[in-house]
file upload-v8.cif (mmCIF, C-alpha atoms)
data_data
#
loop_
_atom_site.label_atom_id
_atom_site.label_comp_id
_atom_site.auth_asym_id
_atom_site.auth_seq_id
_atom_site.Cartn_x
_atom_site.Cartn_y
_atom_site.Cartn_z
CA MET A 859 76.96 32.85 120.79
CA ALA A 860 75.45 32.38 124.28
CA ILE A 861 74.23 35.11 126.61
CA ASP A 862 76.91 36.60 128.84
CA SER A 863 74.95 38.30 131.63
CA GLN A 864 77.83 40.52 132.72
CA ALA A 865 78.42 41.65 129.15
CA LEU A 866 74.74 42.51 128.88
CA LYS A 867 74.91 44.44 132.15
CA ALA A 868 77.57 46.64 130.54
CA TYR A 869 75.98 46.74 127.08
CA PRO A 870 76.99 50.05 125.45
CA PHE A 871 73.67 51.75 124.82
CA ARG A 872 74.05 55.28 123.53
CA GLU A 873 71.67 58.15 124.14
CA ILE A 874 69.01 58.26 121.43
CA ARG A 875 67.47 61.62 120.56
CA SER A 876 64.08 61.46 118.86
CA ALA A 877 62.74 64.49 117.04
CA TYR A 878 59.09 64.02 116.12
CA THR A 879 56.38 66.08 114.45
CA ALA A 880 52.61 66.26 114.61
CA ARG A 881 52.58 63.84 111.69
CA ASP A 882 54.51 61.24 113.75
CA THR A 883 52.12 61.73 116.66
CA ILE A 884 49.11 61.17 114.42
CA LEU A 885 50.73 58.15 112.76
CA TYR A 886 51.24 56.50 116.15
CA ALA A 887 47.64 57.22 117.20
CA LEU A 888 46.30 55.69 113.98
CA GLY A 889 48.51 52.63 114.47
CA VAL A 890 46.98 51.83 117.87
CA GLY A 891 43.40 52.29 116.67
CA PHE A 892 42.45 55.92 117.14
CA GLY A 893 40.32 57.07 114.22
CA ILE A 894 38.95 53.64 113.27
CA ASP A 895 35.66 55.49 113.39
CA PRO A 896 36.71 58.77 111.71
CA CYS A 897 33.57 60.49 112.97
CA ASP A 898 34.18 59.70 116.65
CA PRO A 899 34.85 63.10 118.29
CA ARG A 900 36.66 61.43 121.20
CA ASP A 901 39.51 60.40 118.90
CA LEU A 902 39.85 63.62 116.94
CA ARG A 903 42.23 65.40 119.33
CA PHE A 904 44.78 62.61 118.79
CA VAL A 905 44.57 62.37 114.98
CA TYR A 906 43.90 65.96 113.81
CA GLU A 907 46.63 68.55 114.25
CA ARG A 908 44.20 71.49 114.00
CA HIS A 909 42.13 70.32 116.93
CA PRO A 910 42.28 73.00 119.66
CA ALA A 911 43.30 70.35 122.20
CA PHE A 912 45.62 68.34 119.90
CA ALA A 913 47.64 65.94 122.06
CA ALA A 914 49.94 62.94 121.96
CA VAL A 915 48.69 59.58 123.15
CA PRO A 916 50.65 59.02 126.39
CA SER A 917 51.66 55.49 125.38
CA MET A 918 53.57 56.94 122.42
CA ALA A 919 56.42 57.34 124.91
CA VAL A 920 57.26 53.65 124.41
CA VAL A 921 58.47 54.30 120.84
CA LEU A 922 60.52 57.44 121.60
CA GLY A 923 64.23 57.45 122.40
CA SER A 924 64.32 53.72 121.66
CA PRO A 925 67.57 51.91 120.77
CA GLY A 926 65.64 49.87 118.21
CA ILE A 927 66.01 46.11 117.86
CA TRP A 928 69.32 46.06 119.71
CA ILE A 929 69.01 42.31 120.38
CA ARG A 930 70.00 41.71 116.75
CA ASP A 931 73.53 42.77 117.72
CA PRO A 932 75.66 39.58 117.84
CA ARG A 933 77.36 40.94 120.97
CA ALA A 934 74.07 40.48 122.86
CA GLY A 935 74.22 36.70 122.34
CA ILE A 936 70.43 36.54 121.94
CA ASP A 937 68.56 34.50 119.33
CA TRP A 938 66.47 37.51 118.31
CA ARG A 939 64.24 35.49 115.95
CA ARG A 940 62.84 33.57 118.94
CA ALA A 941 62.62 36.53 121.33
CA LEU A 942 59.23 37.85 122.40
CA HIS A 943 58.10 40.92 124.29
CA GLY A 944 57.16 39.61 127.74
CA GLU A 945 56.12 42.54 129.90
CA GLU A 946 55.85 46.33 129.65
CA ARG A 947 55.63 49.07 132.24
CA LEU A 948 55.17 52.76 131.40
CA GLU A 949 55.49 55.41 134.12
CA LEU A 950 54.47 58.94 133.16
CA PHE A 951 55.90 61.98 134.97
CA GLY A 952 54.79 64.77 132.65
CA ASP A 953 52.67 65.42 129.58
CA LEU A 954 54.26 64.23 126.36
CA PRO A 955 54.38 67.17 123.93
CA PRO A 956 52.55 66.53 120.63
CA GLU A 957 55.77 67.44 118.81
CA GLY A 958 59.32 68.16 119.85
CA GLU A 959 62.49 66.27 120.76
CA VAL A 960 63.25 63.81 123.54
CA ALA A 961 66.35 61.95 124.67
CA GLY A 962 66.24 58.29 125.66
CA ARG A 963 68.85 56.44 127.71
CA THR A 964 68.51 52.65 128.07
CA ARG A 965 70.20 50.24 130.47
CA ILE A 966 69.79 46.56 131.31
CA THR A 967 68.57 46.08 134.87
CA ALA A 968 68.11 42.30 135.07
CA VAL A 969 69.08 39.07 133.27
CA LEU A 970 67.45 35.86 134.52
CA ASP A 971 68.32 32.33 133.35
CA LYS A 972 65.18 30.16 133.54
CA GLY A 973 66.97 27.01 132.35
CA GLY A 974 67.98 25.36 129.11
CA GLU A 975 64.42 24.39 128.17
CA ARG A 976 62.70 27.53 129.45
CA GLY A 977 64.78 30.36 128.05
CA ALA A 978 65.82 33.61 129.71
CA LEU A 979 64.46 37.03 130.68
CA VAL A 980 66.24 40.31 129.92
CA VAL A 981 64.89 43.51 131.48
CA THR A 982 65.65 46.99 130.14
CA SER A 983 64.80 50.39 131.60
CA ARG A 984 64.68 53.53 129.45
CA GLU A 985 64.34 57.06 130.77
CA ILE A 986 62.81 59.57 128.36
CA ARG A 987 63.65 63.21 128.98
CA ASP A 988 62.63 66.45 127.31
CA GLY A 989 65.29 67.33 124.78
CA ALA A 990 65.23 71.01 125.73
CA ASP A 991 65.22 71.15 129.53
CA GLY A 992 66.12 67.57 130.49
CA SER A 993 62.98 67.03 132.58
CA LEU A 994 61.93 63.41 133.05
CA LEU A 995 58.81 62.66 131.01
CA ALA A 996 58.54 58.88 131.21
CA ARG A 997 60.23 55.62 132.12
CA VAL A 998 59.71 52.45 130.10
CA THR A 999 60.60 49.07 131.62
CA SER A 1000 60.49 46.12 129.22
CA THR A 1001 60.98 42.40 129.78
CA ILE A 1002 62.17 40.36 126.80
CA PHE A 1003 61.46 36.63 126.81
CA CYS A 1004 64.41 34.99 125.07
CA ARG A 1005 62.94 31.58 124.24
CA GLY A 1006 66.13 30.13 122.80
CA ASP A 1007 68.71 31.37 125.29
CA GLY A 1008 68.39 29.59 128.63
CA GLY A 1009 71.10 27.56 130.34
CA PHE A 1010 73.91 30.14 130.50
CA GLY A 1011 74.14 30.22 134.30
CA ALA A 1012 73.57 32.90 136.92
CA GLY A 1013 72.33 36.33 135.95
CA PHE A 1014 71.47 39.36 138.05
CA GLY A 1015 68.47 41.38 139.20
CA GLN A 1016 64.77 40.50 139.01
CA PRO A 1017 61.94 41.55 136.68
CA PRO A 1018 59.40 43.95 138.23
CA ALA A 1019 56.56 42.16 140.02
CA LEU A 1020 53.10 42.33 138.45
CA ARG A 1021 49.92 41.66 140.43
CA ALA A 1022 47.11 39.36 139.39
CA VAL A 1023 43.74 40.86 138.51
CA PRO A 1024 40.90 40.44 141.04
CA GLU A 1025 39.04 37.12 141.09
CA ARG A 1026 35.61 38.76 141.02
CA PRO A 1027 33.81 39.46 137.71
CA PRO A 1028 35.03 42.62 135.90
CA ASP A 1029 33.36 45.89 136.80
CA ARG A 1030 33.28 46.86 133.12
CA ARG A 1031 34.01 45.42 129.70
CA LEU A 1032 35.08 47.33 126.62
CA ALA A 1033 35.45 46.29 122.96
CA LEU A 1034 38.46 47.68 121.06
CA PRO A 1035 38.49 46.87 117.33
CA GLY A 1036 41.62 46.17 115.30
CA PHE A 1037 42.17 46.25 111.54
CA PRO A 1038 44.05 43.99 109.07
CA GLN A 1039 46.76 46.50 108.11
CA GLN A 1040 47.52 47.46 111.71
CA ALA A 1041 50.99 45.90 112.01
CA LEU A 1042 52.07 47.42 108.69
CA LEU A 1043 50.93 50.85 109.88
CA TYR A 1044 52.26 50.58 113.42
CA ARG A 1045 55.76 49.58 112.24
CA LEU A 1046 56.10 53.06 110.73
CA SER A 1047 56.38 54.36 114.30
CA GLY A 1048 59.81 52.75 114.58
CA ASP A 1049 59.56 48.99 115.18
CA ASP A 1050 60.54 47.40 111.88
CA ASN A 1051 61.02 43.84 113.21
CA PRO A 1052 60.16 41.64 110.19
CA LEU A 1053 58.23 39.30 112.51
CA HIS A 1054 55.37 41.78 112.14
CA ALA A 1055 55.47 42.10 108.36
CA ASP A 1056 57.18 39.14 106.67
CA PRO A 1057 55.18 35.87 106.57
CA ALA A 1058 58.36 33.82 106.07
CA VAL A 1059 60.00 35.28 109.19
CA ALA A 1060 56.79 34.72 111.16
CA ARG A 1061 56.67 31.05 110.11
CA GLU A 1062 60.33 30.61 111.08
CA ALA A 1063 59.44 31.95 114.54
CA GLY A 1064 56.57 29.45 114.85
CA PHE A 1065 53.59 31.63 113.92
CA PRO A 1066 51.18 31.03 111.03
CA ARG A 1067 51.42 34.67 109.92
CA PRO A 1068 52.88 37.98 111.15
CA ILE A 1069 51.78 38.96 114.63
CA LEU A 1070 50.89 42.40 115.93
CA HIS A 1071 53.58 44.26 117.85
CA GLY A 1072 53.20 43.84 121.59
CA ARG A 1073 53.47 47.60 121.98
CA ALA A 1074 50.64 48.07 119.48
CA THR A 1075 48.48 45.85 121.71
CA PHE A 1076 49.71 47.94 124.67
CA GLY A 1077 48.68 51.12 122.84
CA MET A 1078 45.22 49.73 122.05
CA ILE A 1079 44.74 49.01 125.75
CA ALA A 1080 45.94 52.53 126.65
CA ARG A 1081 43.32 53.85 124.22
CA GLY A 1082 40.62 51.94 126.07
CA ILE A 1083 41.82 53.14 129.48
CA LEU A 1084 41.92 56.75 128.26
CA ARG A 1085 38.39 56.50 126.92
CA GLU A 1086 36.73 54.57 129.72
CA CYS A 1087 38.59 55.82 132.80
CA CYS A 1088 40.16 59.18 131.93
CA GLY A 1089 37.46 60.93 129.93
CA GLY A 1090 39.91 61.12 127.01
CA ASP A 1091 42.28 63.35 129.02
CA PRO A 1092 45.88 62.18 128.45
CA SER A 1093 47.17 63.98 131.56
CA ALA A 1094 44.94 61.77 133.73
CA LEU A 1095 46.90 58.60 132.87
CA LYS A 1096 50.01 58.24 135.05
CA GLY A 1097 51.08 54.70 134.31
CA ILE A 1098 50.19 51.40 132.72
CA GLU A 1099 51.74 47.93 132.91
CA GLY A 1100 51.01 44.33 132.01
CA ARG A 1101 52.25 40.94 130.82
CA PHE A 1102 51.91 39.79 127.23
CA SER A 1103 50.54 36.26 127.46
CA ALA A 1104 49.66 35.47 123.81
CA PRO A 1105 50.15 37.29 120.50
CA LEU A 1106 47.38 39.26 118.84
CA PHE A 1107 47.12 39.01 115.06
CA PRO A 1108 46.45 42.03 112.84
CA GLY A 1109 42.72 42.37 112.29
CA GLU A 1110 41.77 40.97 115.68
CA GLY A 1111 40.10 43.20 118.22
CA ILE A 1112 40.40 43.20 121.99
CA ARG A 1113 37.84 42.66 124.74
CA LEU A 1114 39.13 44.65 127.71
CA GLU A 1115 38.04 43.62 131.22
CA LEU A 1116 38.35 46.33 133.88
CA TRP A 1117 38.33 46.35 137.69
CA ARG A 1118 38.30 49.63 139.62
CA GLU A 1119 40.54 49.74 142.73
CA GLY A 1120 40.83 53.34 143.94
CA ARG A 1121 43.35 55.23 141.81
CA GLU A 1122 44.23 52.00 140.01
CA VAL A 1123 42.39 50.10 137.32
CA ALA A 1124 43.27 46.43 136.98
CA PHE A 1125 42.74 44.97 133.53
CA ARG A 1126 42.96 41.86 131.40
CA ALA A 1127 42.75 41.87 127.60
CA ARG A 1128 41.32 39.03 125.53
CA ALA A 1129 41.33 38.53 121.77
CA GLU A 1130 37.94 38.79 120.21
CA GLY A 1131 36.71 35.49 118.81
CA ASP A 1132 38.42 32.74 120.78
CA GLY A 1133 38.83 34.82 123.96
CA ARG A 1134 42.49 33.95 124.57
CA VAL A 1135 44.24 36.26 127.02
CA VAL A 1136 46.72 38.52 125.21
CA MET A 1137 47.66 40.72 128.18
CA ASP A 1138 47.26 39.82 131.83
CA ARG A 1139 48.21 41.23 135.24
CA GLY A 1140 47.46 44.70 133.90
CA ARG A 1141 47.34 47.86 136.01
CA ALA A 1142 46.75 51.48 135.09
CA LEU A 1143 47.39 54.35 137.49
CA LEU A 1144 45.10 57.38 137.31
CA GLY A 1145 45.99 60.88 138.43
CA GLY A 1146 44.34 63.16 140.94
CA ASP A 1147 41.57 61.61 143.00
CA GLY A 1148 41.38 58.63 140.67
CA ARG A 1149 38.37 59.91 138.77
CA GLY A 1150 40.49 60.55 135.71
CA ASN A 1151 39.71 64.29 135.37
CA GLY A 1152 36.35 63.70 133.80
CA GLY A 1153 36.45 59.94 133.35
CA SER A 1154 33.24 57.96 133.65
CA TRP A 1155 34.39 56.23 136.83
#
call {"tool": "encode", "arguments": {"input": "upload-v8.cif", "output": "structure tokens"}}
result
Amino acid sequence: MAIDSQALKAYPFREIRSAYTARDTILYALGVGFGIDPCDPRDLRFVYERHPAFAAVPSMAVVLGSPGIWIRDPRAGIDWRRALHGEERLELFGDLPPEGEVAGRTRITAVLDKGGERGALVVTSREIRDGADGSLLARVTSTIFCRGDGGFGAGFGQPPALRAVPERPPDRRLALPGFPQQALLYRLSGDDNPLHADPAVAREAGFPRPILHGRATFGMIARGILRECCGGDPSALKGIEGRFSAPLFPGEGIRLELWREGREVAFRARAEGDGRVVMDRGRALLGGDGRGNGGSW
């Protein structure tokens, strides 16, 4: 079944309410690398519920109120086994409570046919609101690269534009370790796509072994931005975006390259070892005067 762009435009997403506990918050933090060094005091507030400043990692918003792997629905007309996460943008409007309930509402904002040999892009936008008072906490915009679905004709809309990183050498570099079981742990935060756990499914999709979730890579990068630019203060991070350019495999770490540009930090992430770029055209927005409420910049 081929993509029907107008049918996708009217795809019947329902509101998803996500109730989560301190345990879920900690599980997410562990899945994106907090606590790899269990004695690092900078991570403790995100992985220990008795910490006096216990808080949710802001990037946890990307897993809340989610419709799940909706592209498996035959009505979508998408070959989900060949689909990849292309881009991600997280806008933060308020502090994410460390436990509570949120409501997520998703819609499709763009469908772009890149041609029969090049696939298609599908862009979704999800608003995440506090389940009690309805206040807007975050907006998640995701671009799905549908490698097997080009050639259906005209679509609608355009993906959000992402800017290239500066051409000068990075102002700072930061190493972010991974661990072999990371995909198996991260999937417990809601993304159970077998591409990240089942070797047979990964081989069918063209990979030698399961790959790490794109949003786990995104969360690792958010961890680095929080540490290096925000002084570990989650309220100082107001947004983060980037393009996934190559998969990261569980066990691989990240070398994060950072450029300071006022209230923004441009970034590019490379896999440790061979140095391939796994996320490019990255930008993080800092709150206040751009000093991250105690950040080192």
call {"tool": "residues_around", "arguments": {"input": "upload-v8.cif", "residues": "Phe1003 (chain A)", "least_positions_apart": "5", "cutoff": "8 Å", "atoms": "only C-alpha atoms", "output": "PDB file with C-alpha atoms, keeping the file's coordinate frame"}}
result
ATOM      1  CA  ALA A 941      62.620  36.530 121.330  1.00  0.00           C
ATOM      2  CA  LEU A 942      59.230  37.850 122.400  1.00  0.00           C
ATOM      3  CA  HIS A 943      58.100  40.920 124.290  1.00  0.00           C
ATOM      4  CA  GLY A 944      57.160  39.610 127.740  1.00  0.00           C
ATOM      5  CA  GLY A 977      64.780  30.360 128.050  1.00  0.00           C
ATOM      6  CA  ALA A 978      65.820  33.610 129.710  1.00  0.00           C
ATOM      7  CA  LEU A 979      64.460  37.030 130.680  1.00  0.00           C
ATOM      8  CA  VAL A 980      66.240  40.310 129.920  1.00  0.00           C
TER       9      VAL A 980
END
call {"tool": "resolve_selection", "arguments": {"input": "upload-v8.cif", "expression": "the PyMOL selection byres ((chain A and resi 958) around 10)", "output": "list of chain:residue names"}}
result
A:Ser876, A:Ala877, A:Tyr878, A:Thr879, A:Ala880, A:Leu954, A:Pro955, A:Pro956, A:Glu957, A:Glu959, A:Val960, A:Asp988, A:Gly989, A:Ala990
call {"tool": "residues_around", "arguments": {"input": "upload-v8.cif", "residues": "Leu1095 (chain A)", "least_positions_apart": "3", "cutoff": "9 Å", "atoms": "all atoms listed in the file", "output": "JSON, numbers by chain"}}
result
{"A": [916, 950, 1080, 1083, 1084, 1087, 1088, 1091, 1092, 1098, 1142, 1143, 1144, 1145, 1150]}
call {"tool": "resolve_selection", "arguments": {"input": "upload-v8.cif", "expression": "the PyMOL selection byres ((chain A and resi 901) around 12)", "output": "ChimeraX atom specification"}}
result
/A:884,887-888,890-900,902-907,909,911-915,1081-1082,1084-1085,1089-1092
call {"tool": "closest_residue", "arguments": {"input": "upload-v8.cif", "among": "A:Pro1038, A:Gly1111, A:Pro1017, A:Gly1131", "to": "Met1078 (chain A)", "atoms": "all atoms listed in the file"}}
result
A:Gly1111
call {"tool": "closest_residue", "arguments": {"input": "upload-v8.cif", "among": "A:Gly1064, A:Pro1108, A:Gly1013, A:Gly926", "to": "Lys867 (chain A)", "atoms": "all atoms listed in the file"}}
result
A:Gly1013
call {"tool": "closest_residue", "arguments": {"input": "upload-v8.cif", "among": "A:Glu1110, A:Glu985, A:Asp931, A:Glu1099", "to": "Met1137 (chain A)", "atoms": "all atoms listed in the file"}}
result
A:Glu1099
call {"tool": "atom_distance", "arguments": {"input": "upload-v8.cif", "atom1": "CA of Arg963 (chain A)", "atom2": "CA of Ala1094 (chain A)"}}
result
25.2 Å
call {"tool": "closest_residue", "arguments": {"input": "upload-v8.cif", "among": "A:Arg933, A:Arg997, A:Arg1126, A:Arg1118", "to": "Thr964 (chain A)", "atoms": "all atoms listed in the file"}}
result
A:Arg997
call {"tool": "resolve_selection", "arguments": {"input": "upload-v8.cif", "expression": "the PyMOL selection byres ((chain A and resi 1022) around 6)", "output": "PDB file with C-alpha atoms, in the frame of the given file"}}
result
ATOM      1  CA  ARG A1021      49.920  41.660 140.430  1.00  0.00           C
ATOM      2  CA  VAL A1023      43.740  40.860 138.510  1.00  0.00           C
ATOM      3  CA  ARG A1139      48.210  41.230 135.240  1.00  0.00           C
TER       4      ARG A1139
END
